[in-house]
Every structure is written in C-alpha cells, then in structure tokens.
Amino acid sequence: MSTEALARALGIELTEIPQWNCCGASAAHNTNHLLAQALPARNLALAEAENLDVAVPCAACYSRMKAVREAVRKSDLVRAKVSSVIEMDYHARNDVFSIVEIFAGTSTLQQIEAKVLKPLSGLKVACYYGCLLVRPPELAMDDQEDPQSLDRIIGSLGGTPLTWSGKVSCCGAGHSTTLLPVGFKMIGDILEAAEECGADCIACACPLCLLNLDMRQGDLSKRRKKSFKIPVFYFTELVGFALGISPKVLGFKKHFVDPLPLFKAKNYL
Amino acid sequence: MGRAVQKDDCNFISLSSIHRESRNFVSRIIRDSGVNPSDCYQCGKCSAGCPVAFAMDYMPRQIIRMLQLGMIKEVLSSRTIWLCAGCAACYARCPHNVDLPRLMETLRMEARESGLVAEKKVRIFEDLFLRSVERYGRVFETGLIIGFNIKSGEFLKDVMLGPAMLTRGKISLLPHKIKDGGSVRRIFARARELEGEQR
Ligand code: SF4
Ligand code: SF4
C-alpha cells in the first residue's frame, strides 16, 4: 500500500503482474527443485511478455526470482525445461530488482531529497536487511556484511541510519510459526540489538521480516519479561511520510506496534 | 602392559565400509545439490556464524563431516537440516564456497523421501503451504494456519493474533483464487512428473 502511494508521488509507474502466483518460497525448494524454479519463472515470463522488468517487494520472492533468472541465463537446458513446465517462453531478458534498489538509485534519491516535506530529523533508524537481499553473494543487491542502500534512503529523508549488529541477521522466516522457541530467539535478538544501539524504530524491506519483527513483540515481551515497543516500518512508509503522505493512507493503523506515539514525541505530527 | 590394542578394546567405526555403503547416496546428493562435501576442510566458520546453531543437534560443519564419513541415517534424521533457515550466512563466509543452504535443502528432500523427518511440523507446514499455492495460485493464510494448527496438534497457537491480523487487513477469511486457467496447477503436475523421472 505505501509503495503504491509513494510510486505515484515519485512518478514511478508500477503495474501489477496480471494473475501473479506465489513463488512457493522455501516450501517449494525443500520439496521439488523444478517447482521452485517454475513458480517464480511464471511471474517473470508474464512480465517479460509485456516487456517489463520486475520490482520485488519481498526478500524471498526476490531471491527466488533472481535465482531462476540466473539459472535460465546460464543454461539452455534449464530454459527449455522451465519454459515447458510453465507453458510459456521465458528467456530471462527482463531484469529483477528489489524495491530497495529502485528507491536507492542516485536519481531517485535526489528526487526524494528534493520532495521531502517532513524531514525525519533526529529519528534514529536501524535499517534491517535480513538475509536474502544480501545473500548469497551471487544474487545480492548490496554488500553482504554492511549493506548501505536502505541507510542511504533514510539519510535522504533527514533521518539518522545507525550502525548496528543486527543489519543482516536472520529473522528465522517461518520458524516463528513452526519452531516457536527458535524463531522467537532469533527475532528477540534482533529487536534487542536495535534497542541497544538506541534505535527509535526499525526499517525493513520484506513483508515477512516486517511481520516477524512487528507482530511478535507482544509475545516476546512475555517471554523475555521486558517490554518491547519498537515500531517497525516497511521502508517505503517512512519515505511516504517524509514526502507528506498521511499516516492513514500509508496504513500505519495496520501496525501491531503503533508508531504514532513515537512520531508525536518527535513532533512530526 | 605391552599388550597390543585388540579390535574389541574400543568402539570403533570402520570408515571404509561405511563409505562403500553410502557412496551412491553421496553421489546423488552431489548431483542434486551441486555441493561436494569433500570441498569442506572443516574450518568451522559456517557454524560460528550460524544464527540457529544454538538449537541444532549437530553443527552445520558436523553435518558435512558426517557426509564425508557416510553417516547417512544420522544426517537425514538430524534436526539440524530442518532448523537451517537458509539464511546463507555460512555460504557467504565459507572460504571454500560450500553452498550449505543448498545442501540442507537437498538433504530435506532426501529425508522426506526416506521418511526420516525429525521436525515433522516444518514438513507439515510446507506441505500445507504448497497445497494452498497449488489450489489457489497464492497462499490462503487463514486456511494455512488453521490447517497447520490442526495437523500439528497446536489448536490454539496464534488464535489471539488471528482477529488482530484480520482487522489490520493482513489476512482474509476467504481465499483469493487467481484466474490463471489452471496453469499453476499444471505447473505442479509437470514438476512432479519430471522431477520424479530424474530419480
Ligand atoms: S565454512 Fe566452509 S570449509 Fe569451513 S567448515 Fe564450514 S563448510 Fe567447511
Ligand atoms: S544457511 Fe542454515 S546452516 Fe547456514 S548459517 Fe543459515 S541457518 Fe545456519
């Protein structure tokens, strides 16, 4: 939602892939390798047919799409096999970007900077990249240990990106549903790292990371006997807010940890 | 004193016999994953940085060592292969480029096939997830979580979050089905057929 509102404001044209399907995530690649390639390839082929590049808002989808694109580019055999399974020609001619890459491009950054109406001055932001945007190295969109693209975006909004230890830690993805104690420890450690470095909030670039870090804070407060209340944003929400889009349009109400008290305390509202 | 060590004096593992039995298995793993366990020289860097190491029964490094030694059953019935979150921290740092997440993936497929799954809940979740994608083209979260709680026996897990997610518009009570003319369903069928043939 915030991405759409924002793209409109920045004059970026986004089209939704008609009848897109789920990429199958780790469930597919733990079960059937060809399926794990074919599911994301169908989406890419649909976009390719319209001469479109793909901008991906989720770290896992990004990784899956880029992996199949690379595999198809490298091998005619894989291309033929994937194309036959999806009943469509797929040549891997179109590009795959994460949404972060789109916003962190130099010209977009300048455009954002020029349009900031409500600078996030004094806002200390822990930028969280997680795993699949920066690893494995051959699919990465940024440095694998100290990525900077999100930090640059936050900087352009007048905010202060922090140096912290949780940047590229793993949130455990589905573990918080299937292997609770394991998933919760991973999430809790990231939240604590953010708090320790004095972060006001966390900015991330994947809906699953977002859900894990935001939704589990209530439960974690009980488990760790301390109160977690750190707002977590999909980074485009912060860009949108700084550009003057209202919290309502941006969907702040959907957060489990309400970010409005923080914004009021900082006099942004 | 002075007696030569006898065969029965110690519990020993005969490496050469294990190796013979498991050669086929390991070559299948190498073929399917593209990872050769003998590339690993046991430096341990992977395990030092693994975010799930605290919960594993064997360190990632040990899984590879066990493969080198041909300890198939131990590997396939380990919890480690299911705990691996696929974060690739190990792979990014490995001095020998051993693609551990890819290896773990292949081992999970093998464990499924040989019925040695140590973390049944992960398997149940993955099966339901895929069934949802097969049926609707996307994931129907409400059905997925309800199905998972029933099958895993944790009926009330996350019930309190359900209503909160509904009002926040994050999940819906009815599945969204994509109008793809059955093409996703056919992708599943053909992928099963072709991957099956390969084995
Ligand atoms: S980091 Fe690589 S070489 Fe070192 S133990 Fe792990 S897999 Fe083996
Ligand atoms: S990919 Fe798996 S084994 Fe490697 S560091 Fe991540 S969780 Fe550990």
# chains A, B, ... in the order shown; residues from 1 in each chain; ligands from 1
call {"tool": "closest_atom_pairs", "arguments": {"of": "chain A", "to": "ligand 2", "cutoff": "9 Å", "atoms": "only C-alpha atoms and all ligand atoms", "output": "JSON lines"}}
result
{"residue": "A:Cys131", "atom": "CA", "partner": "ligand 2", "partner_atom_place_in_ligand_line": "6 (Fe)", "distance": 8.6}
{"residue": "A:Cys170", "atom": "CA", "partner": "ligand 2", "partner_atom_place_in_ligand_line": "6 (Fe)", "distance": 7.6}
{"residue": "A:Gly172", "atom": "CA", "partner": "ligand 2", "partner_atom_place_in_ligand_line": "7 (S)", "distance": 8.2}
call {"tool": "interface_residues", "arguments": {"of": "chain A", "to": "chain B", "cutoff": "9 Å", "atoms": "only C-alpha atoms", "output": "JSON, numbers by chain"}}
result
{"A": [19, 20, 21, 22, 23, 24, 26, 27, 28, 29, 30, 31, 32, 33, 34, 35, 38, 39, 42, 84, 85, 86, 87, 130, 131, 132, 135, 136, 137, 144, 168, 169, 170, 171, 172, 173, 174, 175, 177, 178, 179, 182, 183, 186, 215, 251, 253, 254, 255, 256]}
call {"tool": "residues_near_ligand", "arguments": {"ligand": "ligand 1", "cutoff": "7 Å", "atoms": "only C-alpha atoms and all ligand atoms", "output": "list in words"}}
result
Asp39, Cys40, Tyr41, Gln42, Cys43, Gly44, Lys45, Cys46, Ser47, Pro60, Arg61, Cys90, Arg93, Cys94, Pro95, His96, Asn97, Val98 and Leu100 of chain B
call {"tool": "closest_residue", "arguments": {"among": "A:Ala92, A:Ala140, A:Ala36, A:Arg152", "to": "Thr106 (chain A)", "atoms": "only C-alpha atoms"}}
result
A:Arg152
call {"tool": "select_by_dssp", "arguments": {"residues": "region 39-269 of chain A", "states": "strand (DSSP E)", "output": "list in words"}}
result
Val54, Ala55, Val56, Val96, Phe97, Ser98, Lys124, Val125, Ala126, Cys127, Tyr128, Thr160, Pro161, Cys201, Ile202, Ala203, Cys204, Val232, Phe233 and Tyr234 of chain A
call {"tool": "select_by_dssp", "arguments": {"residues": "region 7-234 of chain A", "states": "helix (DSSP H, G or I)", "output": "tab-separated table (two decimals) with C-alpha atoms, in the first residue's frame"}}
result
chain	number	residue	atom	x	y	z
A	7	ALA	CA	5.46	5.46	-6.50
A	8	ARG	CA	2.60	7.68	-7.60
A	9	ALA	CA	4.17	10.63	-5.77
A	10	LEU	CA	7.53	9.99	-7.41
A	25	ALA	CA	9.25	-19.78	-1.05
A	26	SER	CA	11.23	-22.30	0.93
A	27	ALA	CA	8.34	-24.79	0.96
A	28	ALA	CA	8.86	-25.32	-2.76
A	29	HIS	CA	12.61	-25.54	-2.78
A	33	HIS	CA	13.66	-28.15	-7.26
A	34	LEU	CA	11.91	-27.74	-10.60
A	35	LEU	CA	8.78	-26.44	-8.91
A	36	ALA	CA	10.92	-23.91	-7.03
A	37	GLN	CA	12.18	-22.63	-10.37
A	38	ALA	CA	8.89	-22.80	-12.27
A	39	LEU	CA	6.67	-20.88	-9.81
A	40	PRO	CA	8.72	-17.66	-9.84
A	41	ALA	CA	9.52	-18.15	-13.54
A	42	ARG	CA	5.83	-17.95	-14.42
A	43	ASN	CA	5.63	-14.45	-12.91
A	44	LEU	CA	8.80	-13.38	-14.69
A	45	ALA	CA	7.55	-14.75	-18.01
A	46	LEU	CA	4.25	-12.88	-17.62
A	47	ALA	CA	6.22	-9.65	-17.13
A	48	GLU	CA	8.65	-10.47	-19.94
A	49	ALA	CA	5.74	-10.87	-22.33
A	59	ALA	CA	13.21	-10.69	0.03
A	60	ALA	CA	12.31	-14.34	-0.55
A	61	CYS	CA	10.49	-13.71	-3.84
A	62	TYR	CA	13.40	-11.51	-4.94
A	63	SER	CA	15.87	-14.26	-4.21
A	64	ARG	CA	13.80	-16.98	-5.89
A	65	MET	CA	13.21	-14.87	-8.99
A	66	LYS	CA	16.81	-13.83	-9.33
A	67	ALA	CA	17.98	-17.41	-8.83
A	68	VAL	CA	15.81	-18.77	-11.64
A	69	ARG	CA	16.72	-15.85	-13.88
A	70	GLU	CA	20.42	-16.62	-13.38
A	71	ALA	CA	19.90	-20.35	-13.94
A	72	VAL	CA	17.95	-19.74	-17.16
A	73	ARG	CA	20.56	-17.27	-18.41
A	74	LYS	CA	23.34	-19.78	-17.76
A	76	ASP	CA	19.68	-23.55	-22.34
A	77	LEU	CA	18.65	-26.83	-20.85
A	78	VAL	CA	17.18	-25.14	-17.78
A	79	ARG	CA	15.49	-22.56	-20.01
A	80	ALA	CA	13.84	-25.24	-22.12
A	81	LYS	CA	12.77	-27.24	-19.09
A	82	VAL	CA	11.34	-24.26	-17.21
A	83	SER	CA	9.57	-22.94	-20.31
A	84	SER	CA	7.93	-26.28	-20.93
A	85	VAL	CA	6.75	-26.58	-17.33
A	86	ILE	CA	5.20	-23.10	-17.28
A	99	ILE	CA	12.16	-2.33	-4.39
A	100	VAL	CA	15.08	-1.02	-2.33
A	101	GLU	CA	17.26	-0.86	-5.43
A	102	ILE	CA	14.62	1.18	-7.23
A	103	PHE	CA	14.50	3.77	-4.45
A	104	ALA	CA	18.22	3.81	-3.70
A	106	THR	CA	21.05	8.04	-7.39
A	107	SER	CA	18.46	9.93	-9.43
A	108	THR	CA	15.52	8.62	-7.39
A	109	LEU	CA	17.35	9.54	-4.19
A	110	GLN	CA	17.86	13.10	-5.44
A	111	GLN	CA	14.22	13.28	-6.39
A	112	ILE	CA	13.20	12.08	-2.94
A	113	GLU	CA	15.52	14.54	-1.23
A	114	ALA	CA	14.04	17.41	-3.21
A	115	LYS	CA	10.50	16.40	-2.31
A	137	PRO	CA	26.69	-13.12	-2.83
A	138	GLU	CA	25.87	-14.03	-6.45
A	139	LEU	CA	22.28	-12.83	-6.03
A	149	SER	CA	21.14	1.18	0.31
A	150	LEU	CA	18.43	1.45	2.96
A	151	ASP	CA	20.74	3.63	5.05
A	152	ARG	CA	21.13	6.00	2.10
A	153	ILE	CA	17.36	6.21	1.66
A	154	ILE	CA	16.84	7.03	5.35
A	155	GLY	CA	19.66	9.58	5.13
A	156	SER	CA	17.94	11.30	2.22
A	175	HIS	CA	10.37	-20.57	12.20
A	176	SER	CA	8.20	-18.29	14.33
A	177	THR	CA	5.23	-20.38	13.15
A	178	THR	CA	6.71	-23.87	13.07
A	180	LEU	CA	8.47	-21.25	18.05
A	181	PRO	CA	11.30	-21.14	20.58
A	182	VAL	CA	13.87	-20.99	17.79
A	183	GLY	CA	12.08	-18.31	15.78
A	184	PHE	CA	11.38	-16.20	18.84
A	185	LYS	CA	15.01	-16.21	19.95
A	186	MET	CA	16.12	-15.02	16.51
A	187	ILE	CA	13.55	-12.22	16.42
A	188	GLY	CA	14.20	-11.22	20.04
A	189	ASP	CA	17.94	-10.94	19.46
A	190	ILE	CA	17.40	-8.58	16.51
A	191	LEU	CA	14.99	-6.38	18.48
A	192	GLU	CA	17.40	-6.22	21.41
A	193	ALA	CA	20.30	-5.32	19.13
A	194	ALA	CA	18.22	-2.46	17.73
A	195	GLU	CA	17.32	-1.23	21.20
A	196	GLU	CA	20.88	-1.48	22.43
A	207	PRO	CA	6.89	-8.19	4.44
A	208	LEU	CA	7.79	-11.38	6.27
A	209	CYS	CA	10.64	-9.74	8.19
A	210	LEU	CA	8.23	-6.91	8.96
A	211	LEU	CA	5.55	-9.24	10.24
A	212	ASN	CA	8.02	-11.23	12.35
A	213	LEU	CA	9.60	-8.16	13.92
A	214	ASP	CA	6.35	-6.23	14.44
A	215	MET	CA	3.75	-8.86	15.33
A	217	GLN	CA	6.78	-8.13	20.12
A	218	GLY	CA	3.80	-8.73	22.39
A	219	ASP	CA	4.63	-12.39	22.81
A	220	LEU	CA	8.33	-11.66	23.20
A	221	SER	CA	7.65	-9.16	25.95
A	222	LYS	CA	6.14	-12.02	27.96
A	223	ARG	CA	8.90	-14.45	27.09
A	224	ARG	CA	11.74	-12.08	27.94
call {"tool": "residues_around", "arguments": {"residues": "Pro57 (chain A)", "least_positions_apart": "3", "cutoff": "7 Å", "atoms": "only C-alpha atoms", "output": "ChimeraX atom specification"}}
result
/A:98-99,205-206
call {"tool": "closest_atom_pairs", "arguments": {"of": "region 61-178 of chain A", "to": "region 233-247 of chain A", "cutoff": "7 Å", "atoms": "only C-alpha atoms", "output": "tab-separated table"}}
result
residue	atom	partner	partner_atom	distance
A:Lys115	CA	A:Leu243	CA	6.0
A:Val116	CA	A:Leu243	CA	4.7
A:Leu117	CA	A:Leu243	CA	5.3
A:Lys118	CA	A:Ala242	CA	4.6
A:Pro119	CA	A:Ala242	CA	5.6
A:Leu120	CA	A:Ala242	CA	6.6
A:Leu157	CA	A:Ala242	CA	6.3
call {"tool": "atom_distance", "arguments": {"atom1": "CA of Tyr129 (chain A)", "atom2": "CA of Cys58 (chain A)"}}
result
11.0 Å
call {"tool": "atom_distance", "arguments": {"atom1": "CA of Leu76 (chain B)", "atom2": "CA of Gly34 (chain B)"}}
result
17.9 Å
call {"tool": "decode", "arguments": {"residues": "region 93-106 of chain A", "atoms": "N, CA and C atoms", "output": "tab-separated table (two decimals), in the first residue's frame"}}
result
chain	number	residue	atom	x	y	z
A	93	ARG	N	15.17	-12.25	-20.20
A	93	ARG	CA	15.69	-11.00	-20.76
A	93	ARG	C	15.39	-9.82	-19.84
A	94	ASN	N	14.31	-9.93	-19.09
A	94	ASN	CA	13.96	-8.80	-18.22
A	94	ASN	C	14.73	-8.85	-16.90
A	95	ASP	N	14.77	-7.71	-16.23
A	95	ASP	CA	15.57	-7.61	-15.03
A	95	ASP	C	14.74	-7.81	-13.76
A	96	VAL	N	15.40	-8.20	-12.69
A	96	VAL	CA	14.74	-8.35	-11.41
A	96	VAL	C	15.40	-7.40	-10.41
A	97	PHE	N	14.62	-6.50	-9.84
A	97	PHE	CA	15.15	-5.59	-8.83
A	97	PHE	C	14.38	-5.76	-7.53
A	98	SER	N	15.06	-5.51	-6.42
A	98	SER	CA	14.29	-5.37	-5.19
A	98	SER	C	13.80	-3.93	-5.16
A	99	ILE	N	12.69	-3.69	-4.47
A	99	ILE	CA	12.16	-2.33	-4.39
A	99	ILE	C	13.21	-1.36	-3.82
A	100	VAL	N	14.04	-1.88	-2.91
A	100	VAL	CA	15.08	-1.02	-2.33
A	100	VAL	C	15.98	-0.45	-3.42
A	101	GLU	N	16.38	-1.31	-4.36
A	101	GLU	CA	17.26	-0.86	-5.43
A	101	GLU	C	16.62	0.27	-6.24
A	102	ILE	N	15.31	0.15	-6.46
A	102	ILE	CA	14.62	1.18	-7.23
A	102	ILE	C	14.72	2.53	-6.52
A	103	PHE	N	14.49	2.52	-5.20
A	103	PHE	CA	14.50	3.77	-4.45
A	103	PHE	C	15.90	4.30	-4.16
A	104	ALA	N	16.88	3.38	-4.10
A	104	ALA	CA	18.22	3.81	-3.70
A	104	ALA	C	19.06	4.25	-4.90
A	105	GLY	N	18.49	4.19	-6.10
A	105	GLY	CA	19.21	4.69	-7.28
A	105	GLY	C	19.48	6.19	-7.12
A	106	THR	N	20.63	6.65	-7.64
A	106	THR	CA	21.05	8.04	-7.39
A	106	THR	C	19.98	9.06	-7.80
